[in-house]
file work_34.txt (compact mmCIF, C-alpha atoms)
# COMPACT_ATOMS: atom_id res chain seq x y z
CA MET A 1 -16.90 -23.35 40.08
CA GLY A 2 -18.27 -23.82 36.57
CA GLN A 3 -20.10 -20.50 36.56
CA ALA A 4 -17.09 -18.65 37.98
CA LEU A 5 -14.82 -20.23 35.37
CA ASN A 6 -17.08 -19.06 32.53
CA VAL A 7 -17.20 -15.49 33.86
CA HIS A 8 -13.41 -15.33 34.30
CA ARG A 9 -12.91 -16.65 30.79
CA LEU A 10 -15.43 -14.18 29.36
CA HIS A 11 -13.78 -11.35 31.28
CA PHE A 12 -10.32 -12.05 29.90
CA ALA A 13 -11.66 -12.78 26.42
CA PHE A 14 -13.38 -9.39 26.33
CA THR A 15 -10.40 -7.37 27.57
CA ILE A 16 -7.84 -9.09 25.36
CA THR A 17 -10.04 -8.99 22.24
CA PHE A 18 -10.66 -5.27 22.70
CA HIS A 19 -6.98 -4.67 23.46
CA TYR A 20 -5.74 -6.46 20.35
CA ILE A 21 -7.55 -3.96 18.12
CA PHE A 22 -4.67 -1.58 18.85
CA PRO A 23 -1.35 -3.51 18.88
CA GLN A 24 -1.99 -5.10 15.50
CA LEU A 25 -2.24 -1.63 13.93
CA THR A 26 0.79 -0.21 15.74
CA MET A 27 2.95 -3.19 14.74
CA GLY A 28 1.77 -2.90 11.14
CA LEU A 29 2.19 0.88 10.95
CA ALA A 30 5.65 0.69 12.56
CA LEU A 31 7.02 -1.03 9.46
CA LEU A 32 5.31 1.43 7.11
CA LEU A 33 6.62 4.40 9.13
CA VAL A 34 10.17 3.16 8.60
CA TYR A 35 9.47 2.78 4.90
CA LEU A 36 8.09 6.34 4.65
CA LYS A 37 11.08 7.76 6.53
CA THR A 38 13.44 5.76 4.32
CA LYS A 39 11.80 7.22 1.22
CA ALA A 40 12.12 10.71 2.70
CA LEU A 41 15.79 10.14 3.53
CA ARG A 42 16.63 8.71 0.11
CA THR A 43 14.70 11.20 -2.01
CA GLY A 44 14.88 14.33 0.16
CA ASP A 45 11.19 14.86 -0.61
CA GLU A 46 9.42 16.62 2.28
CA HIS A 47 6.15 15.06 1.10
CA TYR A 48 7.18 11.72 2.62
CA ASN A 49 8.22 13.39 5.88
CA ARG A 50 4.78 14.98 6.18
CA ALA A 51 3.17 11.63 5.44
CA ALA A 52 5.33 10.00 8.14
CA ARG A 53 4.36 12.69 10.67
CA PHE A 54 0.69 12.15 9.85
CA TRP A 55 0.89 8.41 10.42
CA GLY A 56 3.11 8.99 13.45
CA ARG A 57 0.28 10.95 15.11
CA ILE A 58 -2.19 8.16 14.35
CA PHE A 59 0.36 5.65 15.65
CA GLY A 60 0.66 7.65 18.87
CA ILE A 61 -3.11 7.71 19.46
CA ASN A 62 -3.36 3.99 18.79
CA PHE A 63 -0.33 3.24 20.98
CA ALA A 64 -1.75 5.21 23.91
CA VAL A 65 -5.08 3.38 23.84
CA GLY A 66 -3.22 0.09 23.47
CA VAL A 67 -1.24 0.83 26.64
CA ILE A 68 -4.37 1.78 28.57
CA THR A 69 -6.17 -1.42 27.56
CA GLY A 70 -3.09 -3.62 27.98
CA ILE A 71 -2.26 -2.80 31.60
CA PRO A 72 -5.49 -4.30 33.06
CA MET A 73 -4.64 -7.67 31.51
CA GLU A 74 -1.44 -7.84 33.56
CA PHE A 75 -3.50 -7.31 36.71
CA GLN A 76 -6.02 -9.93 35.63
CA PHE A 77 -3.36 -12.61 36.01
CA GLY A 78 -3.53 -11.84 39.72
CA THR A 79 -7.17 -10.95 40.18
CA ASN A 80 -8.86 -13.56 37.97
CA TRP A 81 -6.15 -16.18 37.36
CA ALA A 82 -4.24 -16.32 40.65
CA ALA A 83 -3.76 -20.10 40.64
CA PHE A 84 -2.29 -19.94 37.14
CA SER A 85 0.05 -17.08 38.12
CA LYS A 86 1.18 -18.92 41.24
CA ALA A 87 1.94 -22.11 39.33
CA ALA A 88 3.49 -20.63 36.16
CA GLY A 89 4.63 -17.17 37.22
CA GLY A 90 8.26 -18.24 37.17
CA ILE A 91 7.93 -18.97 33.46
CA ILE A 92 5.59 -16.36 32.02
CA GLY A 93 7.08 -13.70 34.26
CA GLN A 94 10.31 -13.92 32.26
CA THR A 95 8.87 -13.00 28.88
CA LEU A 96 6.29 -10.56 30.21
CA ALA A 97 8.97 -8.72 32.21
CA MET A 98 11.23 -8.51 29.15
CA GLU A 99 8.31 -7.17 27.12
CA GLY A 100 7.81 -4.38 29.64
CA VAL A 101 11.39 -3.54 30.56
CA PHE A 102 13.03 -3.91 27.15
CA SER A 103 10.67 -3.57 24.21
CA PHE A 104 7.88 -1.42 25.68
CA PHE A 105 10.24 1.22 27.06
CA LEU A 106 12.28 1.13 23.84
CA GLU A 107 9.14 1.71 21.77
CA SER A 108 7.58 4.35 24.02
CA SER A 109 10.79 6.34 24.57
CA PHE A 110 11.66 6.60 20.91
CA LEU A 111 8.04 7.22 19.95
CA GLY A 112 8.26 10.37 22.06
CA LEU A 113 11.42 11.37 20.24
CA PHE A 114 9.84 10.58 16.87
CA LEU A 115 6.75 12.69 17.59
CA PHE A 116 8.38 15.66 19.31
CA GLY A 117 12.10 15.62 18.59
CA GLU A 118 12.43 15.78 14.81
CA LYS A 119 14.10 19.20 14.73
CA LYS A 120 16.61 18.25 17.41
CA LEU A 121 17.38 14.82 15.97
CA GLY A 122 17.89 15.79 12.34
CA ARG A 123 17.06 13.69 9.30
CA ILE A 124 19.13 10.61 10.17
CA GLY A 125 18.34 10.75 13.88
CA HIS A 126 14.65 10.92 13.12
CA TRP A 127 14.94 7.88 10.85
CA VAL A 128 16.78 6.03 13.64
CA SER A 129 13.98 6.88 16.08
CA ALA A 130 11.41 5.48 13.63
CA PHE A 131 13.45 2.29 13.26
CA LEU A 132 13.76 1.86 17.03
CA VAL A 133 10.00 2.36 17.42
CA PHE A 134 9.59 -0.42 14.87
CA LEU A 135 12.15 -2.62 16.66
CA GLY A 136 10.52 -2.08 20.06
CA SER A 137 7.06 -2.74 18.66
CA TRP A 138 8.05 -5.99 16.98
CA LEU A 139 10.15 -7.17 19.96
CA SER A 140 7.14 -6.53 22.17
CA GLY A 141 5.07 -8.70 19.87
CA TYR A 142 7.62 -11.51 20.08
CA PHE A 143 7.74 -11.62 23.87
CA ILE A 144 3.94 -11.72 24.09
CA VAL A 145 3.74 -14.42 21.42
CA ALA A 146 6.49 -16.41 23.18
CA THR A 147 4.39 -16.33 26.35
CA ASP A 148 1.32 -17.64 24.57
CA ALA A 149 3.39 -20.19 22.61
CA TRP A 150 4.69 -21.63 25.87
CA MET A 151 1.10 -22.13 26.99
CA GLN A 152 0.40 -23.86 23.68
CA HIS A 153 3.57 -25.96 23.68
CA PRO A 154 5.47 -25.85 27.00
CA THR A 155 9.27 -26.16 26.72
CA GLY A 156 12.25 -25.43 29.00
CA TYR A 157 10.46 -26.15 32.30
CA ARG A 158 10.57 -28.55 35.23
CA ILE A 159 8.15 -29.28 38.04
CA GLY A 160 9.54 -28.15 41.39
CA ALA A 161 9.22 -29.90 44.73
CA SER A 162 6.30 -27.64 45.67
CA GLY A 163 4.46 -28.48 42.45
CA ALA A 164 5.18 -25.10 40.85
CA ILE A 165 6.37 -24.95 37.26
CA GLU A 166 9.96 -23.71 37.21
CA LEU A 167 12.18 -22.43 34.43
CA ALA A 168 14.79 -25.01 33.39
CA SER A 169 16.07 -23.42 30.17
CA PHE A 170 15.64 -19.75 29.32
CA TRP A 171 16.60 -20.29 25.69
CA ASP A 172 14.17 -23.17 25.25
CA LEU A 173 11.45 -20.81 26.46
CA LEU A 174 12.52 -17.91 24.27
CA LEU A 175 13.27 -19.92 21.11
CA ASN A 176 10.36 -22.32 21.34
CA HIS A 177 9.82 -23.42 17.73
CA TRP A 178 6.08 -22.92 18.23
CA ALA A 179 6.78 -19.26 19.06
CA LEU A 180 8.86 -18.70 15.94
CA TRP A 181 6.12 -19.84 13.57
CA GLN A 182 3.33 -18.23 15.59
CA TYR A 183 5.25 -14.95 15.65
CA ALA A 184 5.71 -14.92 11.87
CA HIS A 185 2.02 -15.64 11.43
CA THR A 186 1.03 -12.90 13.89
CA MET A 187 3.25 -10.22 12.40
CA LEU A 188 2.02 -10.95 8.89
CA GLY A 189 -1.48 -10.31 10.21
CA ALA A 190 -0.35 -7.03 11.76
CA VAL A 191 1.25 -5.90 8.50
CA GLN A 192 -2.01 -6.66 6.72
CA THR A 193 -3.91 -4.49 9.20
CA GLY A 194 -1.50 -1.56 8.76
CA CYS A 195 -1.66 -1.85 4.99
CA PHE A 196 -5.45 -2.00 4.86
CA VAL A 197 -5.81 1.01 7.18
CA MET A 198 -3.34 3.04 5.11
CA ALA A 199 -5.15 2.02 1.91
CA ALA A 200 -8.52 2.97 3.38
CA VAL A 201 -7.35 6.45 4.41
CA GLY A 202 -5.82 6.98 0.97
CA ALA A 203 -9.06 5.86 -0.67
CA PHE A 204 -11.02 8.26 1.56
CA TYR A 205 -8.89 11.20 0.47
CA LEU A 206 -9.25 10.30 -3.20
CA LEU A 207 -13.01 9.84 -2.92
CA THR A 208 -13.47 13.17 -1.12
CA LYS A 209 -11.15 14.99 -3.54
CA ARG A 210 -8.92 16.39 -0.80
CA ASP A 211 -5.27 15.73 0.01
CA GLU A 212 -5.25 13.74 -3.21
CA LEU A 213 -1.47 13.73 -3.48
CA TYR A 214 -1.28 12.01 -0.10
CA GLY A 215 -4.20 9.78 -1.03
CA ARG A 216 -2.24 8.59 -4.05
CA THR A 217 0.85 8.07 -1.89
CA PHE A 218 -1.05 6.00 0.66
CA VAL A 219 -2.70 3.90 -2.01
CA THR A 220 0.65 3.59 -3.80
CA PHE A 221 2.24 2.48 -0.56
CA VAL A 222 -0.50 0.00 -0.48
CA LYS A 223 1.13 -1.41 -3.50
CA ALA A 224 3.18 -1.70 -0.38
CA GLY A 225 -0.29 -2.20 1.04
CA VAL A 226 -2.66 -4.19 -1.13
CA LEU A 227 0.29 -6.17 -2.45
CA VAL A 228 2.10 -6.66 0.85
CA GLY A 229 -1.25 -7.43 2.45
CA ALA A 230 -2.05 -9.94 -0.29
CA ILE A 231 1.37 -11.58 0.00
CA ALA A 232 1.04 -11.69 3.79
CA ALA A 233 -2.40 -13.25 3.45
CA LEU A 234 -1.03 -15.95 1.17
CA LEU A 235 1.81 -16.68 3.55
CA GLN A 236 -0.65 -16.87 6.42
CA LEU A 237 -2.70 -19.48 4.61
CA PHE A 238 0.21 -21.92 4.20
CA PRO A 239 -0.09 -24.70 3.18
CA THR A 240 -3.41 -23.93 1.50
CA GLY A 241 -2.06 -20.60 0.33
CA ASP A 242 0.97 -22.37 -1.05
CA ILE A 243 -1.22 -24.78 -3.01
CA GLN A 244 -3.40 -21.93 -4.22
CA GLY A 245 -0.34 -19.99 -5.35
CA ARG A 246 0.89 -22.95 -7.36
CA LEU A 247 -2.53 -23.33 -8.94
CA VAL A 248 -2.44 -19.64 -9.90
CA ALA A 249 1.01 -20.12 -11.40
CA ASN A 250 -0.11 -23.13 -13.43
CA HIS A 251 -3.55 -21.93 -14.52
CA GLN A 252 -3.48 -18.11 -14.24
CA PRO A 253 0.13 -17.07 -14.89
CA VAL A 254 -0.89 -13.51 -15.80
CA THR A 255 -2.41 -13.13 -12.33
CA LEU A 256 0.82 -14.28 -10.72
CA ALA A 257 2.83 -11.84 -12.85
CA ALA A 258 0.54 -8.95 -11.88
CA MET A 259 0.63 -9.83 -8.19
CA GLU A 260 4.42 -9.79 -8.23
CA GLY A 261 4.95 -6.88 -10.62
CA LEU A 262 6.86 -9.19 -12.96
CA PHE A 263 6.87 -7.37 -16.29
CA GLU A 264 9.41 -9.59 -18.06
CA SER A 265 9.71 -13.36 -17.95
CA GLN A 266 12.57 -14.48 -15.73
CA ARG A 267 14.48 -17.61 -14.88
CA GLY A 268 14.85 -17.59 -11.10
CA ALA A 269 12.21 -14.88 -10.55
CA PRO A 270 12.37 -12.97 -7.25
CA LEU A 271 9.57 -12.60 -4.71
CA VAL A 272 8.74 -8.89 -4.42
CA ILE A 273 8.00 -7.67 -0.88
CA LEU A 274 7.69 -3.95 -1.63
CA GLY A 275 7.79 -1.83 -4.77
CA GLN A 276 5.94 0.71 -6.89
CA PRO A 277 5.18 -0.43 -10.46
CA ASP A 278 6.01 1.97 -13.29
CA VAL A 279 3.74 0.68 -16.06
CA GLU A 280 5.13 3.00 -18.73
CA LYS A 281 8.72 1.88 -18.19
CA ARG A 282 7.69 -1.71 -17.44
CA LYS A 283 9.64 -1.92 -14.19
CA LEU A 284 9.32 -1.76 -10.42
CA ASP A 285 10.65 1.28 -8.57
CA ASN A 286 12.41 0.77 -5.22
CA PRO A 287 11.89 -3.01 -5.18
CA LEU A 288 12.56 -5.09 -2.07
CA GLU A 289 13.04 -8.61 -3.38
CA ILE A 290 13.99 -12.11 -2.28
CA PRO A 291 16.03 -13.57 -5.15
CA ASN A 292 14.71 -16.73 -6.86
CA MET A 293 11.98 -17.15 -4.24
CA LEU A 294 9.00 -16.74 -6.59
CA SER A 295 10.33 -19.52 -8.83
CA PHE A 296 10.80 -21.78 -5.84
CA LEU A 297 7.39 -21.09 -4.29
CA THR A 298 5.54 -21.70 -7.52
CA TYR A 299 7.55 -24.52 -9.16
CA ARG A 300 9.82 -25.86 -6.36
CA GLN A 301 12.85 -25.03 -8.47
CA TRP A 302 15.10 -22.09 -7.71
CA ARG A 303 15.80 -21.36 -11.40
CA ALA A 304 12.36 -22.12 -12.88
CA ASP A 305 10.97 -19.84 -15.60
CA VAL A 306 8.12 -17.53 -14.54
CA LYS A 307 6.18 -15.72 -17.24
CA GLY A 308 5.98 -11.93 -17.06
CA LEU A 309 3.21 -9.56 -18.05
CA SER A 310 4.88 -8.91 -21.40
CA GLU A 311 3.82 -12.42 -22.43
CA PHE A 312 0.15 -11.42 -22.29
CA PRO A 313 -2.01 -8.75 -23.98
CA GLU A 314 -2.30 -5.65 -21.78
CA ASN A 315 -6.10 -5.86 -21.77
CA GLU A 316 -5.75 -9.21 -19.99
CA TRP A 317 -3.77 -7.75 -17.10
CA PRO A 318 -6.04 -8.42 -14.14
CA LEU A 319 -5.47 -5.63 -11.61
CA LEU A 320 -6.54 -2.01 -11.84
CA LEU A 321 -3.46 -1.29 -9.76
CA TRP A 322 -1.21 -2.04 -12.71
CA ARG A 323 -3.33 -0.40 -15.39
CA GLY A 324 -3.25 3.04 -13.80
CA THR A 325 -7.00 3.37 -13.20
CA LEU A 326 -7.18 2.63 -9.49
CA TYR A 327 -7.04 6.30 -8.48
CA ASP A 328 -10.12 7.08 -10.59
CA SER A 329 -12.08 3.88 -9.95
CA ARG A 330 -14.64 4.87 -7.34
CA TRP A 331 -15.96 1.35 -6.80
CA MET A 332 -12.43 0.11 -6.11
CA LEU A 333 -11.69 3.02 -3.78
CA TRP A 334 -14.93 2.32 -1.91
CA THR A 335 -13.91 -1.33 -1.68
CA LEU A 336 -10.53 -0.39 -0.22
CA MET A 337 -12.09 2.00 2.27
CA LEU A 338 -14.81 -0.39 3.46
CA SER A 339 -12.43 -3.33 3.73
CA VAL A 340 -10.81 -1.93 6.91
CA PRO A 341 -12.67 -4.30 9.30
CA LEU A 342 -11.58 -7.42 7.42
CA PRO A 343 -8.01 -7.79 8.78
CA TYR A 344 -9.27 -7.03 12.30
CA ILE A 345 -11.90 -9.76 11.96
CA ALA A 346 -9.38 -12.20 10.48
CA ASN A 347 -6.75 -11.58 13.17
CA THR A 348 -9.28 -11.80 15.98
CA ALA A 349 -10.73 -15.00 14.55
CA GLY A 350 -7.22 -16.44 14.30
CA TRP A 351 -6.44 -15.74 17.93
CA MET A 352 -9.82 -17.09 19.02
CA THR A 353 -9.14 -20.26 17.06
CA ALA A 354 -5.74 -20.66 18.75
CA GLU A 355 -7.00 -20.01 22.27
CA LEU A 356 -10.29 -21.89 22.06
CA GLY A 357 -8.50 -24.72 20.30
CA ARG A 358 -6.23 -25.19 23.34
CA GLN A 359 -9.18 -25.82 25.65
CA PRO A 360 -9.69 -27.44 28.10
CA TRP A 361 -6.02 -26.71 28.80
CA LEU A 362 -4.71 -23.42 30.13
CA ILE A 363 -1.15 -24.75 29.77
CA HIS A 364 -1.31 -27.60 27.34
CA GLY A 365 -0.74 -30.90 29.09
CA LEU A 366 0.11 -29.27 32.44
CA MET A 367 -2.82 -27.25 33.78
CA ARG A 368 -6.49 -27.28 32.86
CA THR A 369 -8.30 -23.96 32.57
CA ALA A 370 -10.57 -24.78 35.50
CA GLN A 371 -7.50 -25.15 37.75
CA GLY A 372 -6.12 -21.70 36.94
CA ILE A 373 -8.81 -19.31 38.19
CA SER A 374 -8.75 -17.31 41.43
CA PRO A 375 -10.69 -19.45 43.96
CA ARG A 376 -11.50 -16.56 46.30
CA VAL A 377 -13.06 -14.22 43.70
CA ALA A 378 -16.84 -14.54 43.77
CA VAL A 379 -18.93 -14.75 40.62
CA GLY A 380 -20.69 -11.51 41.47
CA ASN A 381 -17.39 -9.64 41.79
CA ALA A 382 -16.25 -10.96 38.43
CA TRP A 383 -19.51 -9.88 36.78
CA PHE A 384 -19.29 -6.44 38.41
CA THR A 385 -15.79 -5.75 37.07
CA LEU A 386 -16.64 -7.19 33.65
CA ILE A 387 -19.64 -4.86 33.28
CA GLY A 388 -17.49 -1.96 34.48
CA PHE A 389 -14.83 -2.76 31.89
CA MET A 390 -17.45 -2.96 29.16
CA GLY A 391 -18.74 0.50 30.00
CA LEU A 392 -15.26 2.02 30.33
CA TYR A 393 -14.03 0.44 27.09
CA THR A 394 -17.09 1.65 25.23
CA VAL A 395 -16.23 5.23 26.21
CA LEU A 396 -12.58 4.61 25.39
CA GLY A 397 -13.48 3.17 21.98
CA ILE A 398 -15.62 6.20 21.13
CA LEU A 399 -12.78 8.53 22.17
CA TRP A 400 -10.31 6.56 20.03
CA LEU A 401 -12.59 6.75 16.98
CA PHE A 402 -13.07 10.49 17.53
CA LEU A 403 -9.34 11.18 17.78
CA PHE A 404 -8.59 8.92 14.81
CA TYR A 405 -11.20 10.64 12.65
CA ARG A 406 -10.02 14.06 13.81
CA GLU A 407 -6.48 13.32 12.59
CA ILE A 408 -7.82 12.13 9.25
CA GLU A 409 -9.91 15.30 8.94
CA LEU A 410 -6.92 17.50 9.77
CA GLY A 411 -4.91 15.59 7.17
CA PRO A 412 -1.16 15.34 6.60
CA GLU A 413 -0.96 19.14 6.37
CA PRO A 414 -3.06 20.58 9.23
CA GLY A 415 -4.36 24.05 8.43
CA ALA A 416 -4.19 23.55 4.69
CA HIS A 417 -7.96 23.03 4.46
CA PRO A 418 -10.49 25.65 5.61
CA ARG A 419 -13.05 24.53 8.15
CA GLY A 420 -16.52 25.64 9.15
CA GLU A 421 -17.35 29.29 8.44
CA ASP A 422 -14.09 29.86 6.57
CA ALA A 423 -14.96 27.09 4.14
CA ALA A 424 -18.43 28.51 3.64
CA VAL A 425 -17.01 31.98 2.90
CA LEU A 426 -14.54 30.58 0.38
CA ALA A 427 -17.28 28.53 -1.27
CA ALA A 428 -19.46 31.62 -1.58
CA ASP A 429 -16.60 33.57 -3.19

call {"tool": "encode", "arguments": {"input": "work_34.txt", "output": "structure tokens"}}
result
Amino acid sequence: MGQALNVHRLHFAFTITFHYIFPQLTMGLALLLVYLKTKALRTGDEHYNRAARFWGRIFGINFAVGVITGIPMEFQFGTNWAAFSKAAGGIIGQTLAMEGVFSFFLESSFLGLFLFGEKKLGRIGHWVSAFLVFLGSWLSGYFIVATDAWMQHPTGYRIGASGAIELASFWDLLLNHWALWQYAHTMLGAVQTGCFVMAAVGAFYLLTKRDELYGRTFVTFVKAGVLVGAIAALLQLFPTGDIQGRLVANHQPVTLAAMEGLFESQRGAPLVILGQPDVEKRKLDNPLEIPNMLSFLTYRQWRADVKGLSEFPENEWPLLLWRGTLYDSRWMLWTLMLSVPLPYIANTAGWMTAELGRQPWLIHGLMRTAQGISPRVAVGNAWFTLIGFMGLYTVLGILWLFLFYREIELGPEPGAHPRGEDAAVLAAD
């Protein structure tokens, strides 16, 4: 039993770890796609539409591989964890079914319209399709998180006469307070991944001196990238991030002002979620703000004074981002590009901490992990399928990397860059 348990655990750990490479990027990019389409709609600038199409294609590749790697996990509940499915299927079946029927089909249907129906939909219709892709993606994330949160902190259940775990309150299951906090934490991690990937692609274009306009846009959006990612990271680290933020406010106020794009001192300073700093005019363009929140987070007073960058000499401003040299700073661009694995590592480590931390319970306080496996599946069969999955996923991972790199090589404007012999001829001329 002990050996079988370890193999079943390893099997699911491998498939879910590999699978989660993809959803965290799609959920993060979904928000950025809406932002790009909003910019295109507000400004009428076709540049942002082309950028959105580019990231839409990458989203589609990532989404497809995520679907392929996600389906086997549903089957593993029956093949490897039959006892768990029999006991708790009446509970987890609710949220997993809603994820498939509601959010997955919403996301996939409108992703098709977003990728192939722009001319038919028009400008507003295309924006709506992007928003519904975002909504479906984030709803999908909630239903999955709600399932895991119930395993961490079971609510809304009763034990039936047969010993099976039955649903007593649908709303207690869906609005489990554990799920709400875990969901916020998870989505912040996904946003970080999307921002870091967008920043890395922008840095690649700037370093290679091609598609530089888009490179600047992607890195600028990573002021909706580096900044949003940094803010998300701080929120994820609560309460230690909260304490660190207050220390920054007390001991490094210029750093706080730069992080938030706060050029002028303010009483009741807002927390900036998104925005592009205009250093010359000393203001943020297109800011998305939460009023008074920065004052509250740093000083626990809604109307507290927060010093702006104007209070400090410009040569003391800490970030290249604000001083206009990021686009030409090769070491910083290399740093952005090579930092892509970090959010993946952080998110994976977070999930491993949550799942390993629940052991020896499969459902905390109700079912131990050893009680949940399929008793009729031999160890050899489990090893055979695990090795098969490893081989198949290796091929799938290589294909994903190839398609991802191919889209980056083609760029936001496919055909605008000569390839192969054509490039050699032009270089010779």

call {"tool": "closest_atom_pairs", "arguments": {"input": "work_34.txt", "of": "segment 100-129 of chain A", "to": "segment 51-70 of chain A", "cutoff": "12 Å", "atoms": "only C-alpha atoms", "output": "JSON lines"}}
result
{"residue": "A:Gly100", "atom": "CA", "partner": "A:Val67", "partner_atom": "CA", "distance": 10.9}
{"residue": "A:Phe104", "atom": "CA", "partner": "A:Val67", "partner_atom": "CA", "distance": 9.4}
{"residue": "A:Phe105", "atom": "CA", "partner": "A:Val67", "partner_atom": "CA", "distance": 11.5}
{"residue": "A:Glu107", "atom": "CA", "partner": "A:Phe63", "partner_atom": "CA", "distance": 9.6}
{"residue": "A:Ser108", "atom": "CA", "partner": "A:Phe63", "partner_atom": "CA", "distance": 8.5}
{"residue": "A:Ser109", "atom": "CA", "partner": "A:Gly60", "partner_atom": "CA", "distance": 11.7}
{"residue": "A:Phe110", "atom": "CA", "partner": "A:Gly60", "partner_atom": "CA", "distance": 11.2}
{"residue": "A:Leu111", "atom": "CA", "partner": "A:Gly60", "partner_atom": "CA", "distance": 7.5}
{"residue": "A:Gly112", "atom": "CA", "partner": "A:Gly60", "partner_atom": "CA", "distance": 8.7}
{"residue": "A:Leu113", "atom": "CA", "partner": "A:Gly56", "partner_atom": "CA", "distance": 11.0}
{"residue": "A:Phe114", "atom": "CA", "partner": "A:Gly56", "partner_atom": "CA", "distance": 7.7}
{"residue": "A:Leu115", "atom": "CA", "partner": "A:Gly56", "partner_atom": "CA", "distance": 6.6}
{"residue": "A:Phe116", "atom": "CA", "partner": "A:Arg53", "partner_atom": "CA", "distance": 10.0}
{"residue": "A:Gly117", "atom": "CA", "partner": "A:Arg53", "partner_atom": "CA", "distance": 11.5}
{"residue": "A:Glu118", "atom": "CA", "partner": "A:Arg53", "partner_atom": "CA", "distance": 9.6}
{"residue": "A:His126", "atom": "CA", "partner": "A:Ala52", "partner_atom": "CA", "distance": 10.6}
{"residue": "A:Trp127", "atom": "CA", "partner": "A:Ala52", "partner_atom": "CA", "distance": 10.2}
{"residue": "A:Ser129", "atom": "CA", "partner": "A:Gly56", "partner_atom": "CA", "distance": 11.4}

call {"tool": "residues_near_point", "arguments": {"input": "work_34.txt", "point": "(7.0, -8.0, -17.2)", "cutoff": "8 Å", "atoms": "all atoms listed in the file", "output": "MDAnalysis selection string"}}
result
chainID A and resid 257 261:265 282:283 307:311

call {"tool": "residues_around", "arguments": {"input": "work_34.txt", "residues": "Thr26 of chain A", "least_positions_apart": "3", "cutoff": "8 Å", "atoms": "all atoms listed in the file", "output": "PyMOL selection string"}}
result
chain A and resi 22-23+29-30+59+62-63+137+190+194

call {"tool": "atom_distance", "arguments": {"input": "work_34.txt", "atom1": "atom CA of Ser162 of chain A", "atom2": "atom CA of Leu356 of chain A"}}
result
29.4 Å

call {"tool": "atom_distance", "arguments": {"input": "work_34.txt", "atom1": "atom CA of Glu289 of chain A", "atom2": "atom CA of Ile273 of chain A"}}
result
5.7 Å

call {"tool": "residues_around", "arguments": {"input": "work_34.txt", "residues": "Leu175 of chain A", "least_positions_apart": "2", "cutoff": "12 Å", "atoms": "only C-alpha atoms", "output": "PDB file with C-alpha atoms, in the coordinates of the input"}}
result
ATOM      1  CA  THR A  95       8.870 -13.000  28.880  1.00  0.00           C
ATOM      2  CA  TYR A 142       7.620 -11.510  20.080  1.00  0.00           C
ATOM      3  CA  PHE A 143       7.740 -11.620  23.870  1.00  0.00           C
ATOM      4  CA  VAL A 145       3.740 -14.420  21.420  1.00  0.00           C
ATOM      5  CA  ALA A 146       6.490 -16.410  23.180  1.00  0.00           C
ATOM      6  CA  THR A 147       4.390 -16.330  26.350  1.00  0.00           C
ATOM      7  CA  ALA A 149       3.390 -20.190  22.610  1.00  0.00           C
ATOM      8  CA  TRP A 150       4.690 -21.630  25.870  1.00  0.00           C
ATOM      9  CA  HIS A 153       3.570 -25.960  23.680  1.00  0.00           C
ATOM     10  CA  PRO A 154       5.470 -25.850  27.000  1.00  0.00           C
ATOM     11  CA  THR A 155       9.270 -26.160  26.720  1.00  0.00           C
ATOM     12  CA  GLY A 156      12.250 -25.430  29.000  1.00  0.00           C
ATOM     13  CA  SER A 169      16.070 -23.420  30.170  1.00  0.00           C
ATOM     14  CA  PHE A 170      15.640 -19.750  29.320  1.00  0.00           C
ATOM     15  CA  TRP A 171      16.600 -20.290  25.690  1.00  0.00           C
ATOM     16  CA  ASP A 172      14.170 -23.170  25.250  1.00  0.00           C
ATOM     17  CA  LEU A 173      11.450 -20.810  26.460  1.00  0.00           C
ATOM     18  CA  HIS A 177       9.820 -23.420  17.730  1.00  0.00           C
ATOM     19  CA  TRP A 178       6.080 -22.920  18.230  1.00  0.00           C
ATOM     20  CA  ALA A 179       6.780 -19.260  19.060  1.00  0.00           C
ATOM     21  CA  LEU A 180       8.860 -18.700  15.940  1.00  0.00           C
ATOM     22  CA  TRP A 181       6.120 -19.840  13.570  1.00  0.00           C
ATOM     23  CA  GLN A 182       3.330 -18.230  15.590  1.00  0.00           C
ATOM     24  CA  TYR A 183       5.250 -14.950  15.650  1.00  0.00           C
TER      25      TYR A 183
END

call {"tool": "closest_residue", "arguments": {"input": "work_34.txt", "among": "A:Ala130, A:Ile373, A:Ile345, A:Val219", "to": "Phe18 of chain A", "atoms": "all atoms listed in the file"}}
result
A:Ile345

call {"tool": "closest_residue", "arguments": {"input": "work_34.txt", "among": "A:Leu403, A:Trp81, A:Ile16, A:Thr43", "to": "Ala382 of chain A", "atoms": "all atoms listed in the file"}}
result
A:Trp81

call {"tool": "closest_residue", "arguments": {"input": "work_34.txt", "among": "A:Trp138, A:Phe84, A:Phe75, A:Phe196", "to": "Thr15 of chain A", "atoms": "all atoms listed in the file"}}
result
A:Phe75

call {"tool": "closest_residue", "arguments": {"input": "work_34.txt", "among": "A:Ser85, A:Thr217, A:Thr17, A:Ser140", "to": "Ser374 of chain A", "atoms": "only C-alpha atoms"}}
result
A:Ser85

call {"tool": "residues_around", "arguments": {"input": "work_34.txt", "residues": "Thr38 of chain A", "least_positions_apart": "4", "cutoff": "10 Å", "atoms": "only C-alpha atoms", "output": "list in words"}}
result
Leu32, Leu33, Val34, Arg42, Thr43, Gly44, Tyr48, Asn49, Ala52, Ile124, Trp127, Val128, Ala130 and Phe131 of chain A

call {"tool": "closest_residue", "arguments": {"input": "work_34.txt", "among": "A:Gly411, A:Gly78, A:Gly125, A:Gly350", "to": "His8 of chain A", "atoms": "all atoms listed in the file"}}
result
A:Gly78

call {"tool": "residues_near_point", "arguments": {"input": "work_34.txt", "point": "(-12.4, 12.7, -6.4)", "cutoff": "12 Å", "atoms": "all atoms listed in the file", "output": "JSON, numbers by chain"}}
result
{"A": [202, 203, 204, 205, 206, 207, 208, 209, 210, 211, 212, 213, 215, 216, 326, 327, 328, 329, 330, 331, 333, 334]}
